[in-house]
>>> print(open('work18.txt').read())   # compact mmCIF, C-alpha atoms
# COMPACT_ATOMS: atom_id res chain seq x y z
CA MET O 1456 -13.32 -16.30 34.27
CA ALA O 1457 -14.62 -13.25 32.44
CA LEU O 1458 -16.13 -13.59 29.00
CA LEU O 1459 -14.52 -11.81 26.10
CA THR O 1460 -16.09 -8.60 24.83
CA TRP O 1461 -17.37 -8.37 21.27
CA GLN O 1462 -14.45 -6.08 20.45
CA GLN O 1463 -12.02 -8.68 21.82
CA LEU O 1464 -13.70 -11.44 19.80
CA HIS O 1465 -13.36 -9.35 16.65
CA GLY O 1466 -9.71 -8.83 17.57
CA VAL O 1467 -9.20 -12.58 17.95
CA ASN O 1468 -10.78 -13.08 14.53
CA GLU O 1469 -8.38 -10.55 12.98
CA LEU O 1470 -5.43 -12.07 14.81
CA VAL O 1471 -6.27 -15.56 13.53
CA GLN O 1472 -6.68 -14.27 9.97
CA GLY O 1473 -3.36 -12.49 10.18
CA ALA O 1474 -1.63 -15.56 11.59
CA VAL O 1475 -3.00 -17.79 8.82
CA GLU O 1476 -1.97 -15.25 6.17
CA ALA O 1477 1.55 -14.86 7.56
CA THR O 1478 2.00 -18.61 7.97
CA THR O 1479 0.72 -19.29 4.46
CA ASN O 1480 3.10 -16.70 3.02
CA ALA O 1481 6.07 -18.12 4.95
CA VAL O 1482 5.30 -21.72 3.95
CA ALA O 1483 4.79 -20.69 0.31
CA ASP O 1484 8.18 -18.95 0.29
CA VAL O 1485 9.98 -21.95 1.83
CA ASP O 1486 8.15 -24.36 -0.48
CA ARG O 1487 9.18 -22.31 -3.52
CA ASP O 1488 12.81 -22.23 -2.38
CA ILE O 1489 12.83 -25.99 -1.81
CA PHE O 1490 11.16 -27.06 -5.06
CA ARG O 1491 13.32 -24.78 -7.21
CA ARG O 1492 16.55 -26.53 -6.20
CA PRO O 1493 16.11 -29.83 -8.05
CA TYR O 1494 14.81 -27.99 -11.12
CA ALA O 1495 17.90 -25.76 -11.12
CA VAL O 1496 20.09 -28.87 -11.24
CA LEU O 1497 18.00 -30.51 -13.97
CA LYS O 1498 18.06 -27.32 -16.07
CA ARG O 1499 21.87 -27.51 -16.19
CA ILE O 1500 21.69 -30.89 -17.94
CA PRO O 1501 21.03 -30.34 -21.65
CA ILE O 1502 18.84 -33.40 -22.13
CA THR O 1503 16.52 -32.48 -19.21
CA ALA O 1504 16.68 -28.68 -19.35
CA ASP O 1505 13.55 -28.04 -21.44
CA SER O 1506 11.41 -30.59 -19.62
CA ALA O 1507 12.60 -29.40 -16.22
CA ASP O 1508 11.71 -25.81 -17.07
CA THR O 1509 8.23 -26.78 -18.25
CA ILE O 1510 7.56 -28.99 -15.25
CA GLU O 1511 8.85 -26.31 -12.88
CA GLN O 1512 6.40 -23.80 -14.37
CA VAL O 1513 3.52 -26.26 -13.94
CA HIS O 1514 4.64 -27.01 -10.39
CA GLU O 1515 4.84 -23.30 -9.55
CA THR O 1516 1.42 -22.62 -11.05
CA ILE O 1517 -0.21 -25.43 -9.08
CA SER O 1518 1.59 -24.47 -5.88
CA ALA O 1519 0.63 -20.80 -6.23
CA GLY O 1520 -2.98 -21.85 -6.83
CA VAL O 1521 -3.02 -23.91 -3.64
CA TYR O 1522 -1.62 -21.07 -1.53
CA ASP O 1523 -3.93 -18.54 -3.16
CA GLY O 1524 -6.83 -20.88 -2.36
CA ILE O 1525 -5.79 -21.06 1.29
CA ARG O 1526 -5.61 -17.26 1.44
CA ALA O 1527 -9.04 -16.91 -0.19
CA ILE O 1528 -10.62 -19.38 2.23
CA ASN O 1529 -8.98 -17.54 5.12
CA ARG O 1530 -10.46 -14.22 3.97
CA LEU O 1531 -13.88 -15.82 3.48
CA ALA O 1532 -13.75 -17.44 6.90
CA GLY O 1533 -12.75 -14.13 8.47
CA ARG O 1534 -15.60 -12.25 6.79
CA THR O 1535 -18.03 -14.97 7.82
CA ALA O 1536 -16.82 -14.87 11.42
CA THR O 1537 -17.18 -11.08 11.43
CA ARG O 1538 -20.77 -11.33 10.21
CA VAL O 1539 -21.62 -14.02 12.75
CA LEU O 1540 -20.10 -11.97 15.59
CA ASP O 1541 -21.96 -8.86 14.41
CA ARG O 1542 -25.27 -10.74 14.31
CA MET O 1543 -24.68 -12.28 17.72
CA GLU O 1544 -23.88 -8.87 19.18
CA GLU O 1545 -27.01 -7.37 17.63
CA PHE O 1546 -29.10 -10.22 19.04
CA GLU O 1547 -27.59 -9.76 22.50
CA ASN O 1548 -28.20 -6.01 22.41
CA ARG O 1549 -31.89 -6.53 21.51
CA GLY O 1550 -32.43 -8.80 24.48
>>> encode(input="work18.txt", output="C-alpha cells")
Amino acid sequence: MALLTWQQLHGVNELVQGAVEATTNAVADVDRDIFRRPYAVLKRIPITADSADTIEQVHETISAGVYDGIRAINRLAGRTATRVLDRMEEFENRG
C-alpha cells in the first residue's frame, strides 16, 4: 500500500475540516429548529409568554456559543495539523 503524499495529507486535513464545519452547521440548524418549537407554543400562552421568550434567548445564546466553540476548535485543529504536516515535510526533505 502506497503512502499518501504531503499534498494528499493536506487535502485530507482540509476535507476533515470541511466535514466538521458542514456537520456542525447542519446540526446547529436542526437543533435551532427543534428547540424553537416548544418556545413557540409557550409564547402563545399569556402567562408563560415573557418567560418563554427570555429563556429561548438564553437557550439560543448558549447553543450558538457551543457551536461557535466547535467551529473555533475545528479551525485551530486544522491550522495545527497544517503546521505539523509542514514541519514533517520539511524534516523529511532535509534528510
>>> residues_around(input="work18.txt", residues="Gln1463 (chain O)", least_positions_apart="6", cutoff="12 Å", atoms="all atoms listed in the file", output="PDB file with C-alpha atoms, in the frame of the given file")
ATOM      1  CA  ALA O1457     -14.620 -13.250  32.440  1.00  0.00           C
ATOM      2  CA  GLU O1469      -8.380 -10.550  12.980  1.00  0.00           C
ATOM      3  CA  LEU O1470      -5.430 -12.070  14.810  1.00  0.00           C
ATOM      4  CA  THR O1537     -17.180 -11.080  11.430  1.00  0.00           C
ATOM      5  CA  LEU O1540     -20.100 -11.970  15.590  1.00  0.00           C
TER       6      LEU O1540
END
>>> closest_residue(input="work18.txt", among="O:Asp1541, O:Glu1476, O:Glu1547, O:Asp1486", to="Ser1518 (chain O)", atoms="all atoms listed in the file")
O:Asp1486
>>> residues_around(input="work18.txt", residues="Met1543 (chain O)", least_positions_apart="5", cutoff="12 Å", atoms="all atoms listed in the file", output="compact mmCIF listing (two decimals) with C-alpha atoms, in the coordinates of the input")
# COMPACT_ATOMS: atom_id res chain seq x y z
CA THR O 1460 -16.09 -8.60 24.83
CA TRP O 1461 -17.37 -8.37 21.27
CA LEU O 1464 -13.70 -11.44 19.80
CA HIS O 1465 -13.36 -9.35 16.65
CA ALA O 1536 -16.82 -14.87 11.42
CA THR O 1537 -17.18 -11.08 11.43
CA ARG O 1538 -20.77 -11.33 10.21
CA ASN O 1548 -28.20 -6.01 22.41
CA ARG O 1549 -31.89 -6.53 21.51
CA GLY O 1550 -32.43 -8.80 24.48
>>> closest_residue(input="work18.txt", among="O:Leu1459, O:Val1539, O:Ile1525, O:Ile1517", to="Arg1487 (chain O)", atoms="only C-alpha atoms")
O:Ile1517
>>> atom_distance(input="work18.txt", atom1="CA of Ile1489 (chain O)", atom2="CA of Val1471 (chain O)")
26.6 Å
>>> residues_around(input="work18.txt", residues="Pro1493 (chain O)", least_positions_apart="4", cutoff="12 Å", atoms="all atoms listed in the file", output="mmCIF file with C-alpha atoms, in the coordinates of the input")
data_model
loop_
_atom_site.group_PDB
_atom_site.id
_atom_site.type_symbol
_atom_site.label_atom_id
_atom_site.label_comp_id
_atom_site.auth_asym_id
_atom_site.auth_seq_id
_atom_site.Cartn_x
_atom_site.Cartn_y
_atom_site.Cartn_z
ATOM 1 C CA ARG O 1487 9.180 -22.310 -3.520
ATOM 2 C CA ASP O 1488 12.810 -22.230 -2.380
ATOM 3 C CA ILE O 1489 12.830 -25.990 -1.810
ATOM 4 C CA LEU O 1497 18.000 -30.510 -13.970
ATOM 5 C CA LYS O 1498 18.060 -27.320 -16.070
ATOM 6 C CA ARG O 1499 21.870 -27.510 -16.190
ATOM 7 C CA ILE O 1500 21.690 -30.890 -17.940
ATOM 8 C CA THR O 1503 16.520 -32.480 -19.210
ATOM 9 C CA ALA O 1504 16.680 -28.680 -19.350
ATOM 10 C CA ALA O 1507 12.600 -29.400 -16.220
ATOM 11 C CA ASP O 1508 11.710 -25.810 -17.070
ATOM 12 C CA ILE O 1510 7.560 -28.990 -15.250
ATOM 13 C CA GLU O 1511 8.850 -26.310 -12.880
#
>>> axis_aligned_box(input="work18.txt", around="region 1463-1482 of chain O", padding_each_side="4 Å", output="lines of an AutoDock Vina configuration file")
center_x = -3.8
center_y = -15.2
center_z = 12.4
size_x = 27.8
size_y = 21.0
size_z = 26.8
>>> atom_distance(input="work18.txt", atom1="CA of Val1496 (chain O)", atom2="CA of Val1521 (chain O)")
24.8 Å
>>> atom_distance(input="work18.txt", atom1="CA of Gly1533 (chain O)", atom2="CA of Gln1472 (chain O)")
6.3 Å
